[in-house]
Amino acid sequence: MKLEAKNVNFFYGDFHALKDINMKIESNTVTAFIGPSGCGKSTFLRLFNRMNDLIADTHLDGECMLGDTNIYDKSISVDELRKTVGMVFQKPNPFPKSIFENVAYGLRINGERSKSVIEDTVETSLRQAALWEEVKDKLKKSAYALSGGQQQRLCIARALAVNPSVILMDEPASALDPISTSKIEELIFELKNHYTVVIVTHNMQQAARVSDKTGFFMLGELIEYDDTKKIFLNPEKEQTQNYITGRFG
Amino acid sequence: MKSNNIHKKVSQNVMFWIFRIMSFSVVAILFWIIGFIVYRGIGVINWEFLTAAPEEGMTKGGIFPAIVGTFYLVIGSMLVAFPIGVMSGIYMNEYATNKHIVRVIRIMTNNLGGIPSIVFGLFGMSLFVNKLGFGDSILAGSLTLGLLALPLIIRITEEALKAIPDSYRHGSLALGATKLQTIGRVVLPAAFPNIMTGLILSIGRVSGETAPILFTAAAYFLPKLPSSIYDQVMALPYHLYVIATSGTDLEATRPMAYGTALVLIVIVLIMNLLANYLRKKFTK
Ligand SMILES: Nc1ncnc2c1ncn2[C@@H]1O[C@H](COP(=O)(O)OP(=O)(O)O)[C@@H](O)[C@H]1O
Ligand SMILES: [Mg+2]
């Protein structure tokens, strides 16, 4: 088991945002979270790299496991955790640096000094993110000279360069055009050979195309969690059925 | 009906012209001041004026020691104010989680910025010159000018940091960077141009101040250049004050005064233009 949530309840102040969630996610799979907006998908995703820690006045009950370790244990170093559990955000957010430096960033903060190691890793990561061919001649250019779709793949490459084992993606294609979106989807499919991928999406076709398992959330509850095929073809719950057929949300 | 319309048109036009004249007159006054100083001062500007010490009761010679003194005071005050100001700004925008504390600090720094500069001078004299025993010196003057520049640098740093989107910080933290790494490698480099702008603006401000150095650093007349931070210095704004008001022969020193004013204005103008240029260049 790669990731696991045990009886997770999460609060923003008094607001009960996640209600008693249990979920197991296996290694080298793609898991999609779907559900109407505001149902807690992003909140749940951010639990696994402790990005919610940055929000003041929040509270977690229950356990989040990475392998055998509770990632909220006092002995856990949040920085180290985030090196293992990478994240790609909804809006591409490259640093105002060159393409090369964006990908090299994770190595540099880890104290890597060897030029050749950094160069190799940058190339490998960009290749993995299917961006190398497009940028290999302009690595010194600003990341903001790239298109939105390229920027998002750059952010994926940046995350990969740190060598994580899990990658969390929060609606990574929602700000992109259809062609960029399909590139990202292909990429996600590739990534699961080496990584455990968890993706939030409000695009149900996307969930159906890329994921092995799908979790359907509503109002802070995990309504149904099963194989993606099952969720889309033959869901157990009426709410799931209603949502995927577009009757609300 | 028709005459009413004409009325409206006329009054619109009149108001428009009043506004226009007002704003033009501001520009005109600025040019007038600068033109006046240039006209009166340009005559004495020559190589000797910029590189020699005052001679014969300041009616002859130049203002070199005052230029050097102002230079030292600016450097000294920035060495004091820049690290403290930037670090305070970083603390307020990046670290302080208690909004009330930040509010209080911000109100305090704004008030600090509102204190008349002569009061800084008095405070600097009492603390640095007397209590800490630095005497009238570059050190005491720099510390006093540094205090004066602090609020500006803090505010500019804070604003520069506020302009950096959180998405950069989150991107860095999500890669496992510590908060310090995030600030040092992503936030500060992105905010750097704006912080530099603040630095240069405060240099312009500090180099023109007389009151804070009056009791803490400035010498009426010094034939030699300072050799340590415990020495007194001449400084441009104070020198201007001296030769304009208390020379032995005011008529004879008048041209020197305008020359000094011109040098001072040029320094401040260059600083402001440089700040503007940097801001433009980096905010493309
Ligand atoms: N920083 C926050 N402070 C307070 N409430 C929040 C915060 N972020 C999200 N919420 C609330 O928590 C609920 C879940 O939000 P979110 O996880 O972003 O939903 P989703 O990603 O499914 O759209 C929403 O009702 C939202 O208003
Ligand atoms: Mg969301």
# chains A, B, ... in the order shown; residues from 1 in each chain; ligands from 1

$ interface_residues --of "chain B" --to "chain A" --cutoff "9 Å" --atoms "only C-alpha atoms" --output "PDB file with N, CA and C atoms, in the first residue's frame"
ATOM      1  N   THR B  97       2.986  35.455  11.867  1.00  0.00           N
ATOM      2  CA  THR B  97       1.686  34.856  11.620  1.00  0.00           C
ATOM      3  C   THR B  97       0.590  35.636  12.340  1.00  0.00           C
ATOM      4  N   SER B 167       1.914  31.461  -5.326  1.00  0.00           N
ATOM      5  CA  SER B 167       2.122  30.245  -6.110  1.00  0.00           C
ATOM      6  C   SER B 167       3.618  29.927  -6.237  1.00  0.00           C
ATOM      7  N   TYR B 168       4.474  30.949  -6.224  1.00  0.00           N
ATOM      8  CA  TYR B 168       5.922  30.686  -6.242  1.00  0.00           C
ATOM      9  C   TYR B 168       6.340  29.999  -4.944  1.00  0.00           C
ATOM     10  N   HIS B 170       4.493  28.305  -2.836  1.00  0.00           N
ATOM     11  CA  HIS B 170       3.953  26.956  -2.738  1.00  0.00           C
ATOM     12  C   HIS B 170       4.714  25.995  -3.637  1.00  0.00           C
ATOM     13  N   GLY B 171       5.036  26.467  -4.848  1.00  0.00           N
ATOM     14  CA  GLY B 171       5.791  25.623  -5.762  1.00  0.00           C
ATOM     15  C   GLY B 171       7.108  25.190  -5.143  1.00  0.00           C
ATOM     16  N   SER B 172       7.766  26.108  -4.492  1.00  0.00           N
ATOM     17  CA  SER B 172       9.062  25.793  -3.881  1.00  0.00           C
ATOM     18  C   SER B 172       8.897  24.876  -2.675  1.00  0.00           C
ATOM     19  N   LEU B 173       7.967  25.204  -1.805  1.00  0.00           N
ATOM     20  CA  LEU B 173       7.758  24.367  -0.613  1.00  0.00           C
ATOM     21  C   LEU B 173       7.353  22.951  -1.011  1.00  0.00           C
ATOM     22  N   ALA B 174       6.538  22.836  -2.058  1.00  0.00           N
ATOM     23  CA  ALA B 174       6.076  21.521  -2.471  1.00  0.00           C
ATOM     24  C   ALA B 174       7.205  20.665  -3.030  1.00  0.00           C
ATOM     25  N   LEU B 175       8.328  21.296  -3.377  1.00  0.00           N
ATOM     26  CA  LEU B 175       9.482  20.524  -3.841  1.00  0.00           C
ATOM     27  C   LEU B 175      10.374  20.115  -2.674  1.00  0.00           C
ATOM     28  N   GLY B 176       9.945  20.449  -1.467  1.00  0.00           N
ATOM     29  CA  GLY B 176      10.736  20.072  -0.303  1.00  0.00           C
ATOM     30  C   GLY B 176      11.720  21.130   0.142  1.00  0.00           C
ATOM     31  N   ALA B 177      11.602  22.324  -0.423  1.00  0.00           N
ATOM     32  CA  ALA B 177      12.471  23.405   0.037  1.00  0.00           C
ATOM     33  C   ALA B 177      11.994  23.871   1.411  1.00  0.00           C
ATOM     34  N   THR B 178      12.955  24.283   2.243  1.00  0.00           N
ATOM     35  CA  THR B 178      12.553  24.857   3.519  1.00  0.00           C
ATOM     36  C   THR B 178      12.052  26.276   3.269  1.00  0.00           C
ATOM     37  N   GLN B 181      14.992  28.473   2.413  1.00  0.00           N
ATOM     38  CA  GLN B 181      15.421  28.282   1.022  1.00  0.00           C
ATOM     39  C   GLN B 181      14.448  28.956   0.063  1.00  0.00           C
ATOM     40  N   ARG B 185      15.873  31.703  -2.309  1.00  0.00           N
ATOM     41  CA  ARG B 185      16.119  31.326  -3.699  1.00  0.00           C
ATOM     42  C   ARG B 185      15.007  31.699  -4.654  1.00  0.00           C
ATOM     43  N   VAL B 186      13.819  31.913  -4.143  1.00  0.00           N
ATOM     44  CA  VAL B 186      12.718  32.243  -5.045  1.00  0.00           C
ATOM     45  C   VAL B 186      12.140  33.624  -4.744  1.00  0.00           C
ATOM     46  N   PRO B 189      14.942  36.803  -4.820  1.00  0.00           N
ATOM     47  CA  PRO B 189      15.388  37.149  -6.173  1.00  0.00           C
ATOM     48  C   PRO B 189      14.279  37.800  -7.002  1.00  0.00           C
ATOM     49  N   ALA B 190      13.047  37.313  -6.819  1.00  0.00           N
ATOM     50  CA  ALA B 190      11.953  37.902  -7.593  1.00  0.00           C
ATOM     51  C   ALA B 190      11.643  39.320  -7.108  1.00  0.00           C
TER      52      ALA B 190
END

$ residues_near_ligand --ligand "ligand 2" --cutoff "12 Å" --atoms "only C-alpha atoms and all ligand atoms" --output "NGL selection string"
:A and (33-46 or 89-91 or 169-172 or 174 or 199-202 or 217)

$ write_last_selection --atoms "N, CA and C atoms" --output "short mmCIF file (atom, residue, chain, number, x, y, z; two decimals), in the first residue's frame"
data_model
loop_
_atom_site.label_atom_id
_atom_site.label_comp_id
_atom_site.auth_asym_id
_atom_site.auth_seq_id
_atom_site.Cartn_x
_atom_site.Cartn_y
_atom_site.Cartn_z
N PHE A 33 -9.65 11.75 -8.22
CA PHE A 33 -10.70 12.23 -7.32
C PHE A 33 -11.64 13.11 -8.14
N ILE A 34 -12.92 12.75 -8.09
CA ILE A 34 -13.90 13.58 -8.79
C ILE A 34 -14.97 14.02 -7.79
N GLY A 35 -15.76 14.98 -8.22
CA GLY A 35 -16.83 15.46 -7.37
C GLY A 35 -17.08 16.93 -7.60
N PRO A 36 -18.26 17.41 -7.19
CA PRO A 36 -18.59 18.82 -7.42
C PRO A 36 -17.59 19.74 -6.73
N SER A 37 -17.47 20.94 -7.22
CA SER A 37 -16.43 21.80 -6.66
C SER A 37 -16.80 22.20 -5.24
N GLY A 38 -15.79 22.27 -4.40
CA GLY A 38 -16.01 22.57 -2.99
C GLY A 38 -16.27 21.33 -2.15
N CYS A 39 -16.14 20.14 -2.75
CA CYS A 39 -16.47 18.93 -1.99
C CYS A 39 -15.27 18.42 -1.19
N GLY A 40 -14.10 19.03 -1.36
CA GLY A 40 -12.97 18.64 -0.52
C GLY A 40 -11.87 17.87 -1.23
N LYS A 41 -11.92 17.76 -2.56
CA LYS A 41 -10.90 17.00 -3.29
C LYS A 41 -9.51 17.57 -3.06
N SER A 42 -9.38 18.88 -3.25
CA SER A 42 -8.06 19.50 -3.09
C SER A 42 -7.59 19.39 -1.65
N THR A 43 -8.48 19.63 -0.73
CA THR A 43 -8.13 19.53 0.69
C THR A 43 -7.58 18.14 0.99
N PHE A 44 -8.26 17.12 0.50
CA PHE A 44 -7.83 15.75 0.75
C PHE A 44 -6.47 15.49 0.10
N LEU A 45 -6.32 15.95 -1.13
CA LEU A 45 -5.04 15.74 -1.84
C LEU A 45 -3.88 16.39 -1.07
N ARG A 46 -4.09 17.60 -0.61
CA ARG A 46 -3.02 18.34 0.07
C ARG A 46 -2.63 17.74 1.41
N PHE A 89 0.39 21.86 -9.47
CA PHE A 89 -0.74 22.70 -9.11
C PHE A 89 -1.67 22.95 -10.29
N GLN A 90 -2.83 23.49 -9.95
CA GLN A 90 -3.83 23.74 -10.97
C GLN A 90 -3.35 24.74 -12.01
N LYS A 91 -2.82 25.85 -11.51
CA LYS A 91 -2.29 26.85 -12.45
C LYS A 91 -0.79 26.62 -12.56
N MET A 169 -1.56 15.69 -8.26
CA MET A 169 -1.87 16.70 -9.26
C MET A 169 -3.26 17.25 -9.01
N ASP A 170 -3.32 18.55 -8.84
CA ASP A 170 -4.62 19.18 -8.57
C ASP A 170 -5.14 19.87 -9.82
N GLU A 171 -6.04 19.21 -10.52
CA GLU A 171 -6.59 19.73 -11.78
C GLU A 171 -5.49 20.27 -12.68
N PRO A 172 -4.52 19.44 -13.03
CA PRO A 172 -3.33 19.94 -13.73
C PRO A 172 -3.62 20.43 -15.13
N SER A 174 -6.72 21.85 -16.07
CA SER A 174 -7.96 22.62 -16.16
C SER A 174 -7.75 24.01 -16.77
N ILE A 199 -4.68 12.24 -8.96
CA ILE A 199 -5.06 13.43 -9.71
C ILE A 199 -6.48 13.86 -9.36
N VAL A 200 -6.62 15.14 -9.10
CA VAL A 200 -7.95 15.72 -8.92
C VAL A 200 -8.39 16.24 -10.27
N THR A 201 -9.62 15.96 -10.64
CA THR A 201 -10.09 16.50 -11.90
C THR A 201 -11.59 16.74 -11.80
N HIS A 202 -12.06 17.77 -12.50
CA HIS A 202 -13.53 17.89 -12.58
C HIS A 202 -14.00 17.43 -13.95
N PHE A 217 -16.27 12.23 -4.43
CA PHE A 217 -16.49 12.99 -3.19
C PHE A 217 -17.72 13.86 -3.32
#

$ residues_around --residues "stretch 108-118 of chain B" --least-positions-apart "4" --cutoff "7 Å" --atoms "only C-alpha atoms" --output "PyMOL selection string"
chain B and resi 104+122+148+151+211-212

$ closest_residue --among "A:Ala208, A:Ala5, A:Leu139, A:Leu219" --to "ligand 1" --atoms "only C-alpha atoms and all ligand atoms"
A:Leu219

$ closest_residue --among "A:Gly246, A:Gly220, A:Gly111, A:Pro235" --to "ligand 1" --atoms "only C-alpha atoms and all ligand atoms"
A:Gly220

$ atom_distance --atom1 "atom CA of A:Lys19" --atom2 "atom CA of A:Asn70"
18.8 Å

$ residues_around --residues "B:Gly204" --least-positions-apart "3" --cutoff "7 Å" --atoms "only C-alpha atoms" --output "list in words"
Ile200, Leu201, Ser207, Gly208, Val268, Met271 and Asn272 of chain B

$ write_last_selection --atoms "C-alpha atoms" --output "tab-separated table (two decimals), in the first residue's frame"
chain	number	residue	atom	x	y	z
B	200	ILE	CA	18.16	53.89	-4.22
B	201	LEU	CA	15.20	56.06	-3.26
B	207	SER	CA	21.92	62.31	0.93
B	208	GLY	CA	19.79	65.45	1.12
B	268	VAL	CA	19.41	63.14	-5.87
B	271	MET	CA	19.39	58.42	-7.79
B	272	ASN	CA	15.70	58.90	-8.57

$ closest_residue --among "A:Asn203, A:Thr196, A:Ser98, A:Asn242" --to "A:Gln151" --atoms "only C-alpha atoms"
A:Ser98

$ residues_around --residues "stretch 256-259 of chain B" --least-positions-apart "5" --cutoff "6 Å" --atoms "only C-alpha atoms" --output "number ranges by chain"
B: 37, 40-41, 44, 240, 243-244

$ write_last_selection --atoms "N, CA, C and O atoms" --output "PDB file, in the first residue's frame"
ATOM      1  N   ILE B  37      18.597  77.002  -9.975  1.00  0.00           N
ATOM      2  CA  ILE B  37      19.814  76.468  -9.352  1.00  0.00           C
ATOM      3  C   ILE B  37      20.904  76.266 -10.408  1.00  0.00           C
ATOM      4  O   ILE B  37      22.067  76.622 -10.207  1.00  0.00           O
ATOM      5  N   ARG B  40      22.250  79.682 -11.577  1.00  0.00           N
ATOM      6  CA  ARG B  40      23.112  80.344 -10.606  1.00  0.00           C
ATOM      7  C   ARG B  40      24.360  79.526 -10.263  1.00  0.00           C
ATOM      8  O   ARG B  40      25.387  80.087  -9.887  1.00  0.00           O
ATOM      9  N   GLY B  41      24.203  78.202 -10.371  1.00  0.00           N
ATOM     10  CA  GLY B  41      25.274  77.351  -9.867  1.00  0.00           C
ATOM     11  C   GLY B  41      26.278  76.888 -10.904  1.00  0.00           C
ATOM     12  O   GLY B  41      27.428  76.590 -10.581  1.00  0.00           O
ATOM     13  N   VAL B  44      30.094  78.107 -11.229  1.00  0.00           N
ATOM     14  CA  VAL B  44      31.223  77.772 -10.351  1.00  0.00           C
ATOM     15  C   VAL B  44      31.656  76.315 -10.499  1.00  0.00           C
ATOM     16  O   VAL B  44      32.662  75.903  -9.947  1.00  0.00           O
ATOM     17  N   LEU B 240      25.958  73.442   2.482  1.00  0.00           N
ATOM     18  CA  LEU B 240      25.098  74.409   1.803  1.00  0.00           C
ATOM     19  C   LEU B 240      24.489  75.358   2.824  1.00  0.00           C
ATOM     20  O   LEU B 240      24.485  76.581   2.644  1.00  0.00           O
ATOM     21  N   ILE B 243      27.306  77.777   4.186  1.00  0.00           N
ATOM     22  CA  ILE B 243      27.770  78.871   3.331  1.00  0.00           C
ATOM     23  C   ILE B 243      26.638  79.795   2.927  1.00  0.00           C
ATOM     24  O   ILE B 243      26.866  80.921   2.510  1.00  0.00           O
ATOM     25  N   ALA B 244      25.417  79.330   3.073  1.00  0.00           N
ATOM     26  CA  ALA B 244      24.299  80.213   2.737  1.00  0.00           C
ATOM     27  C   ALA B 244      23.939  81.133   3.903  1.00  0.00           C
ATOM     28  O   ALA B 244      23.332  82.174   3.712  1.00  0.00           O
TER      29      ALA B 244
END

$ select_by_dssp --residues "stretch 44-246 of chain B" --states "alpha helix (DSSP H)" --output "ChimeraX atom specification"
/B:47-51,64-90,99-114,117-124,138-162,166-174,179-182,188-207,211-214,236-245

$ residues_around --residues "B:Val38" --least-positions-apart "6" --cutoff "10 Å" --atoms "only C-alpha atoms" --output "list in words"
Trp32, Ile45, Tyr258, Gly259, Ala261, Leu262, Val263, Ile265 and Val266 of chain B

$ write_last_selection --atoms "N, CA and C atoms" --output "CSV table (one decimal), in the first residue's frame"
chain,number,residue,atom,x,y,z
B,32,TRP,N,11.4,75.6,-12.7
B,32,TRP,CA,11.9,76.9,-12.3
B,32,TRP,C,13.0,76.7,-11.2
B,45,ILE,N,30.8,75.5,-11.2
B,45,ILE,CA,31.2,74.1,-11.4
B,45,ILE,C,32.3,74.0,-12.3
B,258,TYR,N,25.2,78.1,-4.5
B,258,TYR,CA,24.4,77.5,-5.6
B,258,TYR,C,25.1,76.3,-6.3
B,259,GLY,N,26.4,76.4,-6.4
B,259,GLY,CA,27.1,75.3,-6.9
B,259,GLY,C,26.9,74.0,-6.1
B,261,ALA,N,24.4,73.4,-4.1
B,261,ALA,CA,23.0,73.0,-4.3
B,261,ALA,C,22.8,72.2,-5.6
B,262,LEU,N,23.5,72.7,-6.6
B,262,LEU,CA,23.4,72.0,-7.9
B,262,LEU,C,24.0,70.6,-7.8
B,263,VAL,N,25.1,70.4,-7.2
B,263,VAL,CA,25.7,69.1,-7.1
B,263,VAL,C,24.8,68.2,-6.3
B,265,ILE,N,21.5,68.5,-5.9
B,265,ILE,CA,20.3,68.1,-6.7
B,265,ILE,C,20.6,67.1,-7.8
B,266,VAL,N,21.7,67.2,-8.4
B,266,VAL,CA,22.1,66.3,-9.5
B,266,VAL,C,22.2,64.9,-8.9

$ atom_distance --atom1 "atom CA of B:Ala219" --atom2 "atom CA of B:Ala235"
7.7 Å

$ residues_around --residues "A:Phe100" --least-positions-apart "5" --cutoff "10 Å" --atoms "only C-alpha atoms" --output "PyMOL selection string"
chain A and resi 105+118-119+122-123+126+135-136+138-143+154+158

$ write_last_selection --atoms "N, CA, C and O atoms" --output "PDB file, in the first residue's frame"
ATOM      1  N   TYR A 105      16.053  23.263  -9.771  1.00  0.00           N
ATOM      2  CA  TYR A 105      15.801  23.839  -8.445  1.00  0.00           C
ATOM      3  C   TYR A 105      15.820  22.797  -7.324  1.00  0.00           C
ATOM      4  O   TYR A 105      16.490  22.958  -6.308  1.00  0.00           O
ATOM      5  N   ILE A 118      23.474  17.515 -12.362  1.00  0.00           N
ATOM      6  CA  ILE A 118      22.339  18.423 -12.541  1.00  0.00           C
ATOM      7  C   ILE A 118      21.891  18.422 -14.002  1.00  0.00           C
ATOM      8  O   ILE A 118      20.706  18.282 -14.310  1.00  0.00           O
ATOM      9  N   GLU A 119      22.850  18.524 -14.912  1.00  0.00           N
ATOM     10  CA  GLU A 119      22.481  18.553 -16.335  1.00  0.00           C
ATOM     11  C   GLU A 119      21.780  17.276 -16.764  1.00  0.00           C
ATOM     12  O   GLU A 119      20.780  17.315 -17.483  1.00  0.00           O
ATOM     13  N   VAL A 122      18.250  17.194 -15.290  1.00  0.00           N
ATOM     14  CA  VAL A 122      17.352  18.127 -15.974  1.00  0.00           C
ATOM     15  C   VAL A 122      16.889  17.512 -17.294  1.00  0.00           C
ATOM     16  O   VAL A 122      15.695  17.511 -17.609  1.00  0.00           O
ATOM     17  N   GLU A 123      17.839  16.950 -18.029  1.00  0.00           N
ATOM     18  CA  GLU A 123      17.446  16.360 -19.320  1.00  0.00           C
ATOM     19  C   GLU A 123      16.481  15.187 -19.134  1.00  0.00           C
ATOM     20  O   GLU A 123      15.444  15.111 -19.791  1.00  0.00           O
ATOM     21  N   LEU A 126      13.053  16.415 -18.114  1.00  0.00           N
ATOM     22  CA  LEU A 126      12.340  17.058 -19.216  1.00  0.00           C
ATOM     23  C   LEU A 126      11.878  16.014 -20.241  1.00  0.00           C
ATOM     24  O   LEU A 126      10.795  16.131 -20.813  1.00  0.00           O
ATOM     25  N   VAL A 135      12.184  22.146 -25.823  1.00  0.00           N
ATOM     26  CA  VAL A 135      12.924  23.201 -25.114  1.00  0.00           C
ATOM     27  C   VAL A 135      14.441  23.027 -25.117  1.00  0.00           C
ATOM     28  O   VAL A 135      15.158  23.876 -24.595  1.00  0.00           O
ATOM     29  N   LYS A 136      14.927  21.940 -25.723  1.00  0.00           N
ATOM     30  CA  LYS A 136      16.353  21.643 -25.553  1.00  0.00           C
ATOM     31  C   LYS A 136      17.258  22.738 -26.095  1.00  0.00           C
ATOM     32  O   LYS A 136      18.384  22.882 -25.646  1.00  0.00           O
ATOM     33  N   LYS A 138      16.524  25.976 -25.898  1.00  0.00           N
ATOM     34  CA  LYS A 138      16.304  27.266 -25.214  1.00  0.00           C
ATOM     35  C   LYS A 138      16.200  27.095 -23.711  1.00  0.00           C
ATOM     36  O   LYS A 138      15.383  27.730 -23.055  1.00  0.00           O
ATOM     37  N   LEU A 139      17.066  26.264 -23.187  1.00  0.00           N
ATOM     38  CA  LEU A 139      17.031  25.997 -21.747  1.00  0.00           C
ATOM     39  C   LEU A 139      17.327  27.245 -20.920  1.00  0.00           C
ATOM     40  O   LEU A 139      16.912  27.345 -19.772  1.00  0.00           O
ATOM     41  N   LYS A 140      18.030  28.183 -21.519  1.00  0.00           N
ATOM     42  CA  LYS A 140      18.408  29.392 -20.771  1.00  0.00           C
ATOM     43  C   LYS A 140      17.299  30.438 -20.789  1.00  0.00           C
ATOM     44  O   LYS A 140      17.356  31.431 -20.074  1.00  0.00           O
ATOM     45  N   LYS A 141      16.304  30.210 -21.645  1.00  0.00           N
ATOM     46  CA  LYS A 141      15.196  31.174 -21.744  1.00  0.00           C
ATOM     47  C   LYS A 141      14.313  31.120 -20.508  1.00  0.00           C
ATOM     48  O   LYS A 141      14.219  30.100 -19.833  1.00  0.00           O
ATOM     49  N   SER A 142      13.616  32.217 -20.264  1.00  0.00           N
ATOM     50  CA  SER A 142      12.700  32.261 -19.118  1.00  0.00           C
ATOM     51  C   SER A 142      11.587  31.236 -19.286  1.00  0.00           C
ATOM     52  O   SER A 142      11.079  31.016 -20.388  1.00  0.00           O
ATOM     53  N   ALA A 143      11.201  30.625 -18.179  1.00  0.00           N
ATOM     54  CA  ALA A 143      10.116  29.649 -18.211  1.00  0.00           C
ATOM     55  C   ALA A 143       8.826  30.295 -18.693  1.00  0.00           C
ATOM     56  O   ALA A 143       7.943  29.630 -19.230  1.00  0.00           O
ATOM     57  N   LEU A 154       6.582  21.639 -17.687  1.00  0.00           N
ATOM     58  CA  LEU A 154       7.810  22.036 -16.994  1.00  0.00           C
ATOM     59  C   LEU A 154       7.657  21.829 -15.481  1.00  0.00           C
ATOM     60  O   LEU A 154       8.573  21.338 -14.808  1.00  0.00           O
ATOM     61  N   ARG A 158       9.856  19.553 -13.155  1.00  0.00           N
ATOM     62  CA  ARG A 158      10.448  20.101 -11.940  1.00  0.00           C
ATOM     63  C   ARG A 158      10.168  19.187 -10.750  1.00  0.00           C
ATOM     64  O   ARG A 158      11.038  18.951  -9.910  1.00  0.00           O
TER      65      ARG A 158
END

$ atom_distance --atom1 "atom 3 (N, counted along the ligand's line) of ligand 1" --atom2 "atom CA of A:Leu60"
13.5 Å

$ select_by_dssp --residues "stretch 8-247 of chain A" --states "strand (DSSP E)" --output "PyMOL selection string"
chain A and resi 8-12+15-25+30-34+58-66+69-70+85-88+166-170+196-200+213-218+221-227

$ closest_residue --among "A:Leu66, A:Ala130, A:Ala173, A:Leu47" --to "ligand 1" --atoms "only C-alpha atoms and all ligand atoms"
A:Leu47

$ closest_residue --among "A:Asp53, A:Asp20, A:Glu134, A:Glu4" --to "ligand 1" --atoms "only C-alpha atoms and all ligand atoms"
A:Asp53
